[in-house]
file model-v1.tsv (TSV, C-alpha atoms)
chain	number	residue	atom	x	y	z
A	294	MET	CA	-2.02	28.85	4.64
A	295	ARG	CA	0.65	26.31	3.70
A	296	PHE	CA	0.31	22.68	4.73
A	297	LEU	CA	1.77	19.24	4.05
A	298	HIS	CA	-0.61	16.51	2.89
A	299	THR	CA	0.26	12.89	3.70
A	300	ALA	CA	-1.75	9.74	4.41
A	301	ASP	CA	-1.71	5.95	4.74
A	302	TRP	CA	1.23	5.61	7.10
A	303	HIS	CA	0.01	2.11	8.09
A	304	ILE	CA	2.29	2.03	11.12
A	305	GLY	CA	2.87	-1.59	12.16
A	306	LYS	CA	2.42	-3.04	8.68
A	307	LYS	CA	4.48	-6.07	7.68
A	308	LEU	CA	5.60	-6.81	4.14
A	309	HIS	CA	5.39	-10.57	3.59
A	310	GLY	CA	6.44	-11.12	7.20
A	311	TYR	CA	9.13	-8.43	7.26
A	312	ASP	CA	8.71	-5.74	9.92
A	313	LEU	CA	8.64	-2.23	8.42
A	314	LEU	CA	8.95	-0.10	11.57
A	315	THR	CA	12.56	0.85	10.76
A	316	GLU	CA	11.53	1.97	7.27
A	317	GLN	CA	8.45	3.75	8.64
A	318	ARG	CA	10.44	5.69	11.23
A	319	ASP	CA	12.86	6.73	8.48
A	320	ALA	CA	9.99	7.86	6.23
A	321	TYR	CA	8.57	9.91	9.11
A	322	ARG	CA	11.91	11.65	9.66
A	323	LYS	CA	12.05	12.58	5.98
A	324	ILE	CA	8.47	13.89	6.07
A	325	LYS	CA	9.40	16.01	9.09
A	326	VAL	CA	12.44	17.41	7.27
A	327	ILE	CA	10.24	18.41	4.31
A	328	ALA	CA	7.69	20.03	6.64
A	329	LEU	CA	10.38	22.10	8.32
A	330	GLN	CA	12.20	23.02	5.11
A	331	GLU	CA	8.94	24.09	3.46
A	332	GLN	CA	7.94	26.00	6.61
A	333	VAL	CA	4.43	24.61	6.57
A	334	ASP	CA	1.77	25.88	8.95
A	335	ALA	CA	0.30	22.42	9.55
A	336	VAL	CA	0.52	18.72	8.64
A	337	VAL	CA	-2.53	16.86	7.31
A	338	ILE	CA	-2.71	13.06	7.74
A	339	ALA	CA	-5.66	11.71	5.75
A	340	GLY	CA	-6.29	8.42	7.55
A	341	ASP	CA	-4.83	4.95	8.10
A	342	LEU	CA	-2.30	6.03	10.67
A	343	TYR	CA	-2.18	2.39	11.83
A	344	ASP	CA	-2.28	-0.73	9.70
A	345	ARG	CA	-4.88	-2.46	11.85
A	346	ALA	CA	-7.60	-1.72	14.35
A	347	LEU	CA	-5.62	-3.47	17.11
A	348	PRO	CA	-2.04	-2.30	16.54
A	349	SER	CA	0.89	-3.91	18.31
A	350	GLU	CA	2.57	-2.22	21.26
A	351	ALA	CA	5.58	-1.46	19.06
A	352	ALA	CA	3.33	0.21	16.46
A	353	VAL	CA	1.57	2.30	19.13
A	354	THR	CA	4.92	3.40	20.55
A	355	ALA	CA	6.24	4.30	17.09
A	356	LEU	CA	3.21	6.39	16.09
A	357	ASP	CA	3.11	8.07	19.49
A	358	ASP	CA	6.78	9.05	19.12
A	359	MET	CA	6.11	10.52	15.68
A	360	LEU	CA	3.06	12.54	16.70
A	361	VAL	CA	4.65	13.84	19.91
A	362	ASP	CA	7.76	14.88	17.99
A	363	LEU	CA	5.79	16.59	15.22
A	364	ASN	CA	3.24	18.32	17.42
A	365	ARG	CA	5.03	19.00	20.72
A	366	ARG	CA	8.71	19.28	19.83
A	367	GLN	CA	8.40	20.80	16.37
A	368	GLN	CA	5.32	22.83	17.35
A	369	LEU	CA	3.48	21.86	14.16
A	370	PRO	CA	-0.33	21.67	14.19
A	371	ILE	CA	-1.67	18.29	13.02
A	372	LEU	CA	-5.00	17.74	11.26
A	373	ALA	CA	-5.75	14.00	11.14
A	374	ILE	CA	-8.61	11.57	10.60
A	375	SER	CA	-9.12	7.85	11.11
A	376	GLY	CA	-9.07	5.57	8.06
A	377	ASN	CA	-10.62	2.19	7.30
A	378	HIS	CA	-7.62	0.41	8.86
A	379	ASP	CA	-7.88	2.39	12.10
A	380	SER	CA	-10.23	1.84	14.98
A	381	GLY	CA	-11.87	5.24	15.30
A	382	VAL	CA	-12.66	4.65	18.97
A	383	ARG	CA	-9.14	3.56	19.91
A	384	LEU	CA	-7.34	6.10	17.75
A	385	GLY	CA	-9.58	8.90	18.96
A	386	TYR	CA	-9.00	8.29	22.65
A	387	GLY	CA	-7.89	11.61	24.16
A	388	ARG	CA	-8.71	13.73	21.10
A	389	GLN	CA	-10.69	16.22	23.23
A	390	TRP	CA	-7.53	17.43	24.95
A	391	PHE	CA	-5.21	16.87	21.98
A	392	ALA	CA	-6.73	20.04	20.48
A	393	SER	CA	-5.09	22.08	23.26
A	394	THR	CA	-1.77	21.58	21.43
A	395	ALA	CA	-3.30	22.10	17.96
A	396	PHE	CA	-3.55	18.37	17.28
A	397	TYR	CA	-6.97	18.05	15.66
A	398	LEU	CA	-7.95	14.38	15.37
A	399	LYS	CA	-11.44	13.51	14.11
A	400	THR	CA	-12.84	9.98	14.22
A	401	THR	CA	-16.62	10.43	13.86
A	402	VAL	CA	-18.73	11.69	10.96
A	403	ALA	CA	-20.46	14.35	13.06
A	404	GLU	CA	-17.08	15.88	13.94
A	405	GLY	CA	-16.32	16.23	10.25
A	406	LEU	CA	-19.14	18.75	9.82
A	407	GLN	CA	-17.51	21.24	12.21
A	408	PRO	CA	-14.62	23.04	10.46
A	409	VAL	CA	-11.25	23.59	12.06
A	410	VAL	CA	-10.16	27.12	11.19
A	411	MET	CA	-6.47	27.83	10.69
A	412	GLY	CA	-5.34	31.08	9.09
A	413	ASP	CA	-7.34	31.73	5.91
A	414	THR	CA	-8.61	28.14	5.69
A	415	GLN	CA	-11.49	26.03	6.97
A	416	PHE	CA	-10.57	22.35	7.27
A	417	PHE	CA	-13.36	19.77	7.25
A	418	LEU	CA	-11.90	16.57	8.72
A	419	LEU	CA	-14.08	13.68	7.57
A	420	PRO	CA	-12.93	10.25	8.81
A	421	TYR	CA	-13.63	6.99	7.01
A	422	PHE	CA	-17.30	6.10	7.39
A	423	GLU	CA	-19.91	3.54	6.39
A	424	PRO	CA	-23.25	4.72	4.90
A	425	PHE	CA	-25.23	3.62	7.99
A	426	ALA	CA	-23.39	6.19	10.12
A	427	VAL	CA	-24.55	9.01	7.84
A	428	ARG	CA	-28.02	7.46	7.59
A	429	GLN	CA	-28.29	7.65	11.38
A	430	LEU	CA	-26.77	11.14	11.55
A	431	PHE	CA	-29.34	12.60	9.14
A	432	ASP	CA	-32.13	10.16	10.07
A	433	ASP	CA	-32.60	9.40	6.38
A	434	ASP	CA	-33.30	5.80	5.34
A	435	ALA	CA	-32.73	6.69	1.68
A	436	ILE	CA	-28.97	6.92	2.25
A	437	ARG	CA	-27.58	3.55	1.13
A	438	THR	CA	-24.26	4.24	-0.60
A	439	VAL	CA	-21.17	6.27	0.20
A	440	ALA	CA	-21.95	8.54	-2.77
A	441	GLN	CA	-25.43	9.30	-1.39
A	442	ALA	CA	-23.97	9.85	2.05
A	443	MET	CA	-21.28	12.14	0.67
A	444	GLU	CA	-23.87	14.26	-1.14
A	445	CYS	CA	-25.61	14.94	2.19
A	446	LEU	CA	-22.34	15.57	4.01
A	447	VAL	CA	-21.04	18.03	1.42
A	448	ALA	CA	-24.34	19.94	1.51
A	449	ALA	CA	-24.07	20.22	5.32
A	450	MET	CA	-20.43	21.33	5.08
A	451	LYS	CA	-21.24	24.02	2.50
A	452	GLU	CA	-23.68	25.55	4.96
A	453	LYS	CA	-20.66	26.18	7.20
A	454	PHE	CA	-18.51	27.72	4.45
A	455	ASP	CA	-17.09	31.12	5.30
A	456	PRO	CA	-16.98	33.01	1.97
A	457	ASP	CA	-13.88	34.88	3.08
A	458	LYS	CA	-11.86	31.70	3.61
A	459	LYS	CA	-10.55	28.76	1.57
A	460	HIS	CA	-12.18	25.38	2.14
A	461	VAL	CA	-10.23	22.12	2.43
A	462	LEU	CA	-11.74	18.65	2.79
A	463	VAL	CA	-9.65	15.90	4.41
A	464	ALA	CA	-11.21	12.48	3.77
A	465	HIS	CA	-10.53	8.77	3.38
A	466	PHE	CA	-12.44	6.97	0.64
A	467	PHE	CA	-12.34	5.73	-2.96
A	468	ALA	CA	-13.05	8.58	-5.40
A	469	ALA	CA	-14.51	7.76	-8.81
A	470	GLY	CA	-11.88	7.68	-11.52
A	471	SER	CA	-9.07	6.51	-9.23
A	472	HIS	CA	-7.35	3.11	-9.28
A	473	HIS	CA	-6.37	0.63	-6.58
A	474	SER	CA	-2.99	-0.97	-5.97
A	475	ASP	CA	-2.59	-4.45	-4.50
A	476	SER	CA	-1.77	-3.28	-0.99
A	477	GLU	CA	-5.05	-1.41	-0.41
A	478	THR	CA	-8.08	-2.88	1.32
A	479	GLN	CA	-10.98	-2.38	-1.03
A	480	VAL	CA	-13.82	-0.39	0.50
A	481	GLN	CA	-16.20	-0.48	-2.41
A	482	VAL	CA	-18.23	-3.21	-4.09
A	483	GLY	CA	-19.00	-2.92	-7.77
A	484	GLY	CA	-18.38	0.81	-7.67
A	485	LEU	CA	-21.38	1.42	-5.43
A	486	ASN	CA	-19.22	2.96	-2.74
A	487	ALA	CA	-17.16	5.22	-4.98
A	488	VAL	CA	-17.51	8.97	-4.47
A	489	PRO	CA	-17.86	10.95	-7.73
A	490	VAL	CA	-15.22	13.65	-7.88
A	491	ASP	CA	-17.88	16.12	-9.06
A	492	LEU	CA	-19.26	16.12	-5.51
A	493	LEU	CA	-15.93	17.54	-4.32
A	494	ARG	CA	-15.59	20.49	-6.71
A	495	ASP	CA	-16.78	23.11	-4.19
A	496	PHE	CA	-13.67	22.62	-2.07
A	497	ASP	CA	-10.51	24.55	-2.88
A	498	TYR	CA	-8.49	21.41	-2.12
A	499	VAL	CA	-9.37	17.82	-1.22
A	500	ALA	CA	-6.69	15.91	0.72
A	501	LEU	CA	-7.50	12.23	0.27
A	502	GLY	CA	-6.25	9.03	1.84
A	503	HIS	CA	-6.89	5.32	1.14
A	504	LEU	CA	-5.29	4.80	-2.28
A	505	HIS	CA	-1.54	4.32	-2.13
A	506	ARG	CA	-0.61	6.03	-5.40
A	507	LYS	CA	-0.45	9.78	-5.86
A	508	GLU	CA	-1.34	9.17	-9.54
A	509	ALA	CA	-4.76	7.76	-8.63
A	510	LEU	CA	-6.36	11.10	-9.56
A	511	GLN	CA	-3.53	12.57	-11.61
A	512	HIS	CA	-5.85	14.61	-13.85
A	513	GLU	CA	-7.42	16.40	-10.88
A	514	PRO	CA	-5.32	19.48	-10.01
A	515	THR	CA	-6.87	20.11	-6.58
A	516	ILE	CA	-8.24	16.68	-5.57
A	517	LYS	CA	-5.26	14.55	-4.56
A	518	TYR	CA	-4.27	11.28	-2.98
A	519	SER	CA	-0.93	11.68	-1.26
A	520	GLY	CA	-0.24	7.97	-1.58
A	521	SER	CA	1.55	5.97	1.09
A	522	PRO	CA	5.06	7.02	2.23
A	523	LEU	CA	6.38	3.51	1.51
A	524	LYS	CA	5.83	0.86	-1.15
A	525	PHE	CA	3.57	-1.82	0.28
A	526	SER	CA	3.20	-4.14	-2.74
A	527	THR	CA	4.99	-5.06	-5.96
A	528	SER	CA	2.32	-3.19	-7.93
A	529	GLU	CA	3.82	-0.03	-6.40
A	530	ALA	CA	7.45	-0.92	-7.22
A	531	GLU	CA	7.74	1.74	-9.94
A	532	ASP	CA	5.95	4.43	-7.92
A	533	THR	CA	7.64	7.52	-6.54
A	534	LYS	CA	6.41	8.05	-3.00
A	535	GLY	CA	6.14	11.44	-1.37
A	536	VAL	CA	3.91	14.19	0.03
A	537	TRP	CA	2.08	17.23	-1.31
A	538	ILE	CA	2.79	20.80	-0.24
A	539	VAL	CA	-0.38	22.88	-0.60
A	540	ASP	CA	-0.58	26.70	-0.60
A	541	THR	CA	-4.05	28.18	-0.17
A	542	ASP	CA	-2.86	31.77	-0.70
A	543	THR	CA	-3.37	31.43	-4.45
A	544	THR	CA	-6.50	30.85	-6.52
A	545	PRO	CA	-6.58	28.04	-7.43
A	546	VAL	CA	-4.43	26.61	-4.66
A	547	THR	CA	-0.83	25.73	-5.53
A	548	VAL	CA	0.12	22.06	-5.17
A	549	THR	CA	3.71	20.77	-5.26
A	550	PHE	CA	4.88	17.17	-4.92
A	551	LYS	CA	7.90	16.40	-2.74
A	552	PRO	CA	9.39	12.89	-3.25
A	553	LEU	CA	10.60	10.58	-0.50
A	554	THR	CA	13.62	8.33	-0.99
A	555	PRO	CA	13.06	4.96	0.71
A	556	LEU	CA	15.58	3.65	3.23
A	557	HIS	CA	15.16	0.19	1.69
A	558	ASP	CA	13.50	-0.01	-1.70
A	559	LEU	CA	11.05	-2.55	-3.13
A	560	VAL	CA	12.39	-3.76	-6.48
A	561	VAL	CA	11.16	-6.26	-9.07
A	562	LEU	CA	13.92	-8.22	-10.85
A	563	GLU	CA	13.20	-10.29	-13.94
A	564	ASP	CA	15.91	-12.61	-15.25
A	565	SER	CA	17.12	-16.18	-15.48
A	566	PHE	CA	18.22	-18.12	-12.41
A	567	ALA	CA	21.81	-18.28	-13.65
A	568	THR	CA	22.00	-14.51	-14.22
A	569	LEU	CA	20.41	-13.73	-10.87
A	570	LEU	CA	23.06	-15.81	-9.09
A	571	ASP	CA	25.93	-14.51	-11.21
A	572	ARG	CA	27.96	-12.28	-8.87
A	573	GLU	CA	29.55	-10.62	-11.89
A	574	HIS	CA	26.14	-9.34	-12.94
A	575	ASP	CA	25.29	-6.17	-11.04
A	576	PHE	CA	21.72	-5.42	-9.99
A	577	PRO	CA	20.64	-1.99	-8.65
A	578	VAL	CA	19.71	-3.30	-5.21
A	579	THR	CA	21.19	-3.62	-1.74
A	580	ALA	CA	21.10	-6.59	0.65
A	581	ASP	CA	18.40	-4.83	2.69
A	582	ASP	CA	16.06	-4.06	-0.22
A	583	PHE	CA	12.82	-6.00	-0.62
A	584	ILE	CA	12.98	-8.06	-3.80
A	585	ALA	CA	10.28	-9.60	-5.97
A	586	ILE	CA	11.66	-11.96	-8.58
A	587	ASN	CA	10.13	-12.87	-11.94
A	588	LEU	CA	12.03	-15.96	-13.00
A	589	THR	CA	12.30	-16.57	-16.74
A	590	ASP	CA	13.48	-20.21	-16.51
A	591	THR	CA	11.16	-23.04	-17.51
A	592	ALA	CA	13.25	-25.92	-16.13
A	593	PRO	CA	12.66	-27.10	-12.54
A	594	ILE	CA	15.21	-25.67	-10.10
A	595	PRO	CA	15.81	-27.50	-6.78
A	596	ASN	CA	15.74	-25.30	-3.66
A	597	VAL	CA	15.20	-22.26	-5.85
A	598	MET	CA	14.05	-19.86	-3.10
A	599	GLN	CA	16.79	-20.86	-0.65
A	600	ARG	CA	19.50	-20.46	-3.29
A	601	LEU	CA	18.18	-17.08	-4.45
A	602	LYS	CA	18.10	-15.81	-0.87
A	603	GLU	CA	21.85	-16.38	-0.62
A	604	ARG	CA	22.21	-13.35	-2.89
A	605	PHE	CA	18.92	-11.51	-2.20
A	606	PRO	CA	18.10	-12.08	1.49
A	607	LYS	CA	14.73	-10.25	1.48
A	608	ILE	CA	12.81	-11.96	-1.30
A	609	ILE	CA	9.10	-11.24	-0.82
A	610	GLU	CA	7.72	-12.87	-3.99
A	611	LEU	CA	8.85	-15.38	-6.60
A	612	HIS	CA	6.95	-15.85	-9.85
A	613	ARG	CA	7.57	-17.84	-13.01
A	614	VAL	CA	7.25	-15.62	-16.07
A	615	ASN	CA	6.92	-18.65	-18.34
A	616	PRO	CA	4.93	-21.21	-16.34
A	617	LEU	CA	4.80	-24.70	-17.72
A	618	GLU	CA	1.53	-25.82	-19.27
A	619	VAL	CA	1.39	-29.56	-18.70
A	620	ALA	CA	-0.99	-31.44	-20.98
A	621	LEU	CA	-1.82	-35.15	-20.83
A	622	LEU	CA	0.00	-37.02	-23.57
A	623	ASP	CA	-2.07	-39.10	-25.98
A	624	LEU	CA	0.12	-42.22	-26.21
A	625	PRO	CA	-0.52	-45.13	-28.56
A	626	PRO	CA	-1.21	-48.47	-26.78
A	627	GLU	CA	2.20	-49.92	-27.65
A	628	ARG	CA	3.98	-46.98	-25.97
A	629	LEU	CA	2.12	-47.71	-22.74
A	630	GLN	CA	4.03	-51.00	-22.52
A	631	ALA	CA	7.41	-49.27	-22.73
A	632	ASP	CA	9.95	-49.24	-19.94
A	633	PRO	CA	8.72	-46.93	-17.09
A	634	PHE	CA	12.00	-45.04	-17.07
A	635	ALA	CA	11.71	-44.36	-20.81
A	636	LEU	CA	8.12	-43.18	-20.35
A	637	MET	CA	9.15	-40.84	-17.57
A	638	THR	CA	12.06	-39.47	-19.61
A	639	ASP	CA	9.80	-38.81	-22.60
A	640	PHE	CA	7.10	-37.22	-20.45
A	641	PHE	CA	9.58	-34.91	-18.74
A	642	SER	CA	11.22	-33.76	-21.97
A	643	GLN	CA	7.89	-33.14	-23.73
A	644	THR	CA	6.35	-31.15	-20.87
A	645	THR	CA	9.40	-29.14	-19.76
A	646	LYS	CA	11.28	-28.93	-23.08
A	647	HIS	CA	14.37	-30.04	-21.16
A	648	ALA	CA	16.12	-33.38	-20.64
A	649	LEU	CA	16.57	-34.84	-17.16
A	650	ASN	CA	19.84	-33.79	-15.59
A	651	ASP	CA	21.99	-36.24	-13.61
A	652	GLN	CA	20.41	-35.43	-10.25
A	653	GLN	CA	16.88	-35.73	-11.64
A	654	THR	CA	17.77	-39.03	-13.32
A	655	ARG	CA	18.90	-40.44	-9.96
A	656	TRP	CA	15.66	-39.26	-8.32
A	657	VAL	CA	13.56	-40.96	-11.01
A	658	GLN	CA	15.52	-44.20	-10.73
A	659	GLN	CA	15.19	-44.20	-6.93
A	660	ALA	CA	11.45	-43.52	-7.14
A	661	LEU	CA	10.91	-46.30	-9.69
A	662	GLN	CA	12.92	-48.78	-7.61
A	663	GLN	CA	10.84	-47.92	-4.54
A	664	ALA	CA	7.60	-48.28	-6.50
A	665	MET	CA	8.67	-51.68	-7.82
A	666	LYS	CA	9.50	-52.86	-4.29
A	667	GLU	CA	6.06	-51.80	-3.06
A	668	ASP	CA	4.37	-53.58	-6.01
A	669	ALA	CA	6.33	-56.77	-5.25
A	670	GLN	CA	5.08	-56.73	-1.67

call {"tool": "encode", "arguments": {"input": "model-v1.tsv", "output": "structure tokens"}}
result
Amino acid sequence: MRFLHTADWHIGKKLHGYDLLTEQRDAYRKIKVIALQEQVDAVVIAGDLYDRALPSEAAVTALDDMLVDLNRRQQLPILAISGNHDSGVRLGYGRQWFASTAFYLKTTVAEGLQPVVMGDTQFFLLPYFEPFAVRQLFDDDAIRTVAQAMECLVAAMKEKFDPDKKHVLVAHFFAAGSHHSDSETQVQVGGLNAVPVDLLRDFDYVALGHLHRKEALQHEPTIKYSGSPLKFSTSEAEDTKGVWIVDTDTTPVTVTFKPLTPLHDLVVLEDSFATLLDREHDFPVTADDFIAINLTDTAPIPNVMQRLKERFPKIIELHRVNPLEVALLDLPPERLQADPFALMTDFFSQTTKHALNDQQTRWVQQALQQAMKEDAQ
């Protein structure tokens, strides 16, 4: 059995207000190319197909196009589960007849206990769940955490293991030892809802979703997050996105990473304002890339965002690397009687380490004149 493991498509997601459907459709096409080139027997999508429980019409249309193309046109079986961003009820509508075309979509915990058999492999498709759902399923009030719930679920799954087949778990949760990125919705509090990876050792491969970095469990050879196909936050800017190709014909299973090249990248640039606007200075970005800027200047810059967007139209974040720390000045009494303009000039130079430029000087003079008029009235 040879399958492609992907997850966290988040169709319909926006990046700081920018629509990502064009980038998501491109990522899908590249995933399809890999699936066909690698001649996989199935595609696994480990949750968060949508970015929200109530996706937009455009997002529904986009995902529908992708799934129809993959399953009906390309004749590839799909094994998918709902994630914490999906509405299990809405996503799962029609799943009973989807199976007639080898599209296996599971959205309830109980469904995850019944394996889907393909070739030499049993797939257990466990959607995102809250502990109360497992507590009700097993009628056990002692189940309070995801780890406790997972212990019961794994025990029930192992009862269904066919010793002559490989066993693959597809799930969507936070596994102990993994790390979050900024774009993920946290589904654990104080570690109570983390699943220890030791609970997952009985499976030949665990295809996980929820964390957006493939490196989240990099020391686990057969327990993997695929990561998201796109970069969804600046904390992922240095990540290489992609999918896993898994072969169950070997013992242990063989796992190979296949990278995806983004249509429009997310890049962090750190430099001075003057260098960033210098057209002679070349940056490895295009006009359509998403840019986060770490500005090294300490001096105030009028209309900084608007001016930077003239060169980098899709700025998603702007941070000061060296923020000013303004402290109240302890002035002697005689200095308090000084000319207001002189006081302002001294204050500005001491707090910013820069002198007022001509434009700032005019602003200060205008403000002082206005204040004096108001005092006179």

call {"tool": "closest_residue", "arguments": {"input": "model-v1.tsv", "among": "A:Leu492, A:Met359, A:Ala468, A:Met411", "to": "A:Ile304", "atoms": "only C-alpha atoms"}}
result
A:Met359

call {"tool": "residues_around", "arguments": {"input": "model-v1.tsv", "residues": "stretch 512-515 of chain A", "least_positions_apart": "3", "cutoff": "7 Å", "atoms": "all atoms listed in the file", "output": "list of chain:residue names"}}
result
A:Asp497, A:Tyr498, A:Val499

call {"tool": "residues_near_point", "arguments": {"input": "model-v1.tsv", "point": "(10.0, 4.4, 3.4)", "cutoff": "8 Å", "atoms": "only C-alpha atoms", "output": "ChimeraX atom specification"}}
result
/A:316-320,522-524,553-558

call {"tool": "residues_near_point", "arguments": {"input": "model-v1.tsv", "point": "(7.2, 9.3, 18.0)", "cutoff": "12 Å", "atoms": "all atoms listed in the file", "output": "PDB file with C-alpha atoms, in the frame of the given file"}}
result
ATOM      1  CA  ILE A 304       2.290   2.030  11.120  1.00  0.00           C
ATOM      2  CA  LEU A 314       8.950  -0.100  11.570  1.00  0.00           C
ATOM      3  CA  GLN A 317       8.450   3.750   8.640  1.00  0.00           C
ATOM      4  CA  ARG A 318      10.440   5.690  11.230  1.00  0.00           C
ATOM      5  CA  ASP A 319      12.860   6.730   8.480  1.00  0.00           C
ATOM      6  CA  TYR A 321       8.570   9.910   9.110  1.00  0.00           C
ATOM      7  CA  ARG A 322      11.910  11.650   9.660  1.00  0.00           C
ATOM      8  CA  LYS A 325       9.400  16.010   9.090  1.00  0.00           C
ATOM      9  CA  ALA A 351       5.580  -1.460  19.060  1.00  0.00           C
ATOM     10  CA  ALA A 352       3.330   0.210  16.460  1.00  0.00           C
ATOM     11  CA  VAL A 353       1.570   2.300  19.130  1.00  0.00           C
ATOM     12  CA  THR A 354       4.920   3.400  20.550  1.00  0.00           C
ATOM     13  CA  ALA A 355       6.240   4.300  17.090  1.00  0.00           C
ATOM     14  CA  LEU A 356       3.210   6.390  16.090  1.00  0.00           C
ATOM     15  CA  ASP A 357       3.110   8.070  19.490  1.00  0.00           C
ATOM     16  CA  ASP A 358       6.780   9.050  19.120  1.00  0.00           C
ATOM     17  CA  MET A 359       6.110  10.520  15.680  1.00  0.00           C
ATOM     18  CA  LEU A 360       3.060  12.540  16.700  1.00  0.00           C
ATOM     19  CA  VAL A 361       4.650  13.840  19.910  1.00  0.00           C
ATOM     20  CA  ASP A 362       7.760  14.880  17.990  1.00  0.00           C
ATOM     21  CA  LEU A 363       5.790  16.590  15.220  1.00  0.00           C
ATOM     22  CA  ASN A 364       3.240  18.320  17.420  1.00  0.00           C
ATOM     23  CA  ARG A 365       5.030  19.000  20.720  1.00  0.00           C
ATOM     24  CA  ARG A 366       8.710  19.280  19.830  1.00  0.00           C
ATOM     25  CA  GLN A 367       8.400  20.800  16.370  1.00  0.00           C
TER      26      GLN A 367
END

call {"tool": "closest_residue", "arguments": {"input": "model-v1.tsv", "among": "A:Ala373, A:Leu297, A:Leu611, A:Leu347", "to": "A:Ile324", "atoms": "only C-alpha atoms"}}
result
A:Leu297

call {"tool": "residues_around", "arguments": {"input": "model-v1.tsv", "residues": "A:Gln330", "least_positions_apart": "3", "cutoff": "12 Å", "atoms": "all atoms listed in the file", "output": "NGL selection string"}}
result
:A and (296-297 or 323-327 or 333-334 or 538 or 551)

call {"tool": "write_last_selection", "arguments": {"input": "model-v1.tsv", "atoms": "C-alpha atoms", "output": "compact mmCIF listing (two decimals), keeping the file's coordinate frame"}}
result
# COMPACT_ATOMS: atom_id res chain seq x y z
CA PHE A 296 0.31 22.68 4.73
CA LEU A 297 1.77 19.24 4.05
CA LYS A 323 12.05 12.58 5.98
CA ILE A 324 8.47 13.89 6.07
CA LYS A 325 9.40 16.01 9.09
CA VAL A 326 12.44 17.41 7.27
CA ILE A 327 10.24 18.41 4.31
CA VAL A 333 4.43 24.61 6.57
CA ASP A 334 1.77 25.88 8.95
CA ILE A 538 2.79 20.80 -0.24
CA LYS A 551 7.90 16.40 -2.74

call {"tool": "residues_around", "arguments": {"input": "model-v1.tsv", "residues": "A:Lys607", "least_positions_apart": "6", "cutoff": "12 Å", "atoms": "only C-alpha atoms", "output": "ChimeraX atom specification"}}
result
/A:308-312,557-561,578-586,598-599,601

call {"tool": "residues_around", "arguments": {"input": "model-v1.tsv", "residues": "A:His503", "least_positions_apart": "5", "cutoff": "8 Å", "atoms": "all atoms listed in the file", "output": "compact mmCIF listing (two decimals) with C-alpha atoms, in the coordinates of the input"}}
result
# COMPACT_ATOMS: atom_id res chain seq x y z
CA ALA A 300 -1.75 9.74 4.41
CA ASP A 301 -1.71 5.95 4.74
CA ALA A 339 -5.66 11.71 5.75
CA GLY A 340 -6.29 8.42 7.55
CA ASP A 341 -4.83 4.95 8.10
CA GLY A 376 -9.07 5.57 8.06
CA ASN A 377 -10.62 2.19 7.30
CA HIS A 465 -10.53 8.77 3.38
CA PHE A 466 -12.44 6.97 0.64
CA PHE A 467 -12.34 5.73 -2.96
CA GLU A 477 -5.05 -1.41 -0.41
CA TYR A 518 -4.27 11.28 -2.98
CA GLY A 520 -0.24 7.97 -1.58

call {"tool": "atom_distance", "arguments": {"input": "model-v1.tsv", "atom1": "atom CA of A:Lys307", "atom2": "atom CA of A:Phe525"}}
result
8.6 Å

call {"tool": "closest_residue", "arguments": {"input": "model-v1.tsv", "among": "A:Gln415, A:Asn596, A:Thr589, A:Gln511", "to": "A:Leu562", "atoms": "all atoms listed in the file"}}
result
A:Thr589

call {"tool": "atom_distance", "arguments": {"input": "model-v1.tsv", "atom1": "atom CA of A:Gly381", "atom2": "atom CA of A:Leu398"}}
result
9.9 Å

call {"tool": "atom_distance", "arguments": {"input": "model-v1.tsv", "atom1": "atom CA of A:Trp537", "atom2": "atom CA of A:Leu372"}}
result
14.4 Å

call {"tool": "closest_residue", "arguments": {"input": "model-v1.tsv", "among": "A:His460, A:Val536, A:Val488, A:Ser375", "to": "A:Thr438", "atoms": "only C-alpha atoms"}}
result
A:Val488

call {"tool": "residues_around", "arguments": {"input": "model-v1.tsv", "residues": "A:Asp590", "least_positions_apart": "6", "cutoff": "8 Å", "atoms": "only C-alpha atoms", "output": "list of chain:residue names"}}
result
A:Ser565, A:Phe566, A:Arg613, A:Val614, A:Asn615

call {"tool": "closest_residue", "arguments": {"input": "model-v1.tsv", "among": "A:Cys445, A:Ala328, A:Ile338, A:Ala469", "to": "A:Asp433", "atoms": "only C-alpha atoms"}}
result
A:Cys445
